[in-house]
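Below: one structure, written as structure tokens.
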Number of protein chains: 2
Amino acid sequence: MKISEAAAASGCHLETIRYYERIGLLSKAARRDNGYRDYTHAEVERLCFITRGRELGFSLEEIQSLLALAEQTDMSCADVDRLAREHLADIQGRIQALQRMAQELARTIEGCAGGARARCAILSDLQTPADRAAPNATPAPKGGRRPAVHRPGIDA
Amino acid sequence: MKISEAAAASGCHLETIRYYERIGLLSKAARRDNGYRDYTHAEVERLCFITRGRELGFSLEEIQSLLALAEQTDMSCADVDRLAREHLADIQGRIQALQRMAQELARTIEGCAGGARARCAILSDLQTPADRAAPNATPAPKGGRRPAVHRPGIDA
DNA sequence: CCTAAAGTCCGTAGTCGCTCCGGAGTCAAG
DNA sequence: CTTGACTCCGGAGCGACTACGGACTTTAGG
């Protein structure tokens, strides 16, 4: 399988595959006589695993751990489970942080009369430090700092 | 006001302040005789605005627009409102994407018996391409690609 | 007054996960 | 034989910081 086919089969961008090889997440692919990379079914599966993991918001480092665990055939399910649960908790934390953001932002937008500029609530709200602006909200919407899903093209 | 005081007053990391100056988000601060930066109340307010904007998930570029709008004293409230609403929609999109992730992940974790490794649902689920794994979920959880909140220290 | 610690300066490099670039070689179709 | 698509590679760029190292200044304590 050539790299473009592996890309199509895994849903992973071609350049990203090369990138994964470069950073050692994928082992160096076999080469044909012409120097082109040649992928086996197993390698494409590994790639699918990575891609899917990314879609679920795992970092490449976490995915590497998961792959390592997947390779030991005994006594690893509990570890996998723990990792997944930790990750889920992290995602939920991020959802909450975003929800707080959305709430505050919505409240701020509400306050804007919509045309009379003199006392634009949005701008003055932005000027106000978080704790004064939202005494009920958690001091700072800090949570996990995990990198997670990077979604390429598609500009909103 | 020295930089550390400005940092404390604005809740913005000291190095980040210098960074903002470097990229032109803040104009170059006045200097004392010893070369130390000296901040006025207005500059600290601008910094608060930026920090708060970041907390609400605006990108630095968006914040720059907001600041520019804030400086024109007429006819900008509608623009501010539009920007804020667009941003809110983006945040909501990201929340939904994360919720899909969490749902799928939770479902995957559910399937794991918890010890018997032979058929660990989590790992095999990860092996499965997204569309086969979750026929009901949106094809790919792609949404906005805005960078938004980077939260430094604090590891979950 | 001297010393040590803390604060500030600066530029540069590293982080994460890609993505794009340019220039060169290879391959398949017309 | 030419054209276009594909592949190779290393390196730079993105966003928003964070960290580092070496030089300088200021401040507090003895």
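FYI, nothing fancy with the structure tokens labels: chains A, B, ... in order, residues from 1 per chain, ligands from 1 as they appear.
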
With 10 Å as the limit and counting only C-alpha atoms (C1' of nucleotides), what residues in chain D lie close to chain B? Please list them as a CSV table (one decimal) with N, CA and C atoms (P, O5', C5', C4', C3', O3' and C1' of nucleotides), in the first residue's frame.
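Output below, filename part30.csv:
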```csv
chain,number,residue,atom,x,y,z
D,15,DG,P,-1.4,32.5,13.5
D,15,DG,O5',-2.0,32.0,14.9
D,15,DG,C5',-2.7,30.8,15.1
D,15,DG,C4',-2.8,30.5,16.6
D,15,DG,C3',-2.6,31.7,17.5
D,15,DG,O3',-3.6,31.5,18.5
D,15,DG,C1',-1.0,30.0,18.0
D,16,DA,P,-4.1,32.7,19.3
D,16,DA,O5',-3.3,32.5,20.7
D,16,DA,C5',-3.5,31.3,21.5
D,16,DA,C4',-2.4,31.2,22.5
D,16,DA,C3',-2.0,32.5,23.2
D,16,DA,O3',-2.0,32.2,24.6
D,16,DA,C1',-0.2,31.3,22.5
D,17,DC,P,-2.0,33.4,25.6
D,17,DC,O5',-0.5,33.9,25.6
D,17,DC,C5',0.5,33.5,26.5
D,17,DC,C4',0.9,32.0,26.3
D,17,DC,C3',1.9,31.6,27.4
D,17,DC,O3',1.2,30.7,28.2
D,17,DC,C1',2.6,30.9,25.2
D,18,DT,P,1.7,30.6,29.8
D,18,DT,O5',3.1,29.9,29.6
D,18,DT,C5',3.2,28.5,29.5
D,18,DT,C4',4.7,28.1,29.4
D,18,DT,C3',5.5,28.5,30.6
D,18,DT,O3',6.0,27.4,31.2
D,18,DT,C1',6.6,29.0,28.6
D,19,DA,P,6.9,27.5,32.5
D,19,DA,O5',8.3,27.3,31.9
D,19,DA,C5',8.6,26.4,30.9
D,19,DA,C4',10.1,26.5,30.5
D,19,DA,C3',11.0,26.9,31.7
D,19,DA,O3',12.1,26.1,31.6
D,19,DA,C1',11.3,28.4,29.9
D,24,DC,P,26.6,43.5,32.3
D,24,DC,O5',25.5,44.2,33.2
D,24,DC,C5',24.6,45.0,32.6
D,24,DC,C4',23.3,45.1,33.5
D,24,DC,C3',23.5,45.8,34.8
D,24,DC,O3',23.2,47.2,34.7
D,24,DC,C1',22.1,43.9,35.0
D,25,DT,P,23.3,48.1,35.9
D,25,DT,O5',22.0,47.8,36.8
D,25,DT,C5',20.7,48.1,36.1
D,25,DT,C4',19.6,47.9,37.2
D,25,DT,C3',19.7,48.8,38.4
D,25,DT,O3',18.5,49.4,38.6
D,25,DT,C1',19.5,46.5,39.0
D,26,DT,P,18.4,50.6,39.7
D,26,DT,O5',17.6,49.8,40.9
D,26,DT,C5',16.4,49.1,40.6
D,26,DT,C4',16.1,48.2,41.7
D,26,DT,C3',16.0,48.9,43.1
D,26,DT,O3',14.7,48.7,43.6
D,26,DT,C1',17.2,46.8,43.2
```

**Item:** Who sits within 12 Å of DG22 of chain C, only C-alpha atoms (C1' of nucleotides), same chain under 6 positions skipped, as an MDAnalysis selection string
**Value:** chainID D and resid 9:12

Please, which residues in chain C fall within 10 Å of chain B when counting only C-alpha atoms (C1' of nucleotides), and what is the closest atom pair and distance in Å to one decimal for each, ordered by chain then residue number, as a tab-separated table?
```
residue	atom	partner	partner_atom	distance
C:DG7	C1'	B:Ser4	CA	8.5
C:DT8	C1'	B:Tyr36	CA	6.4
C:DC9	C1'	B:Tyr36	CA	7.4
```
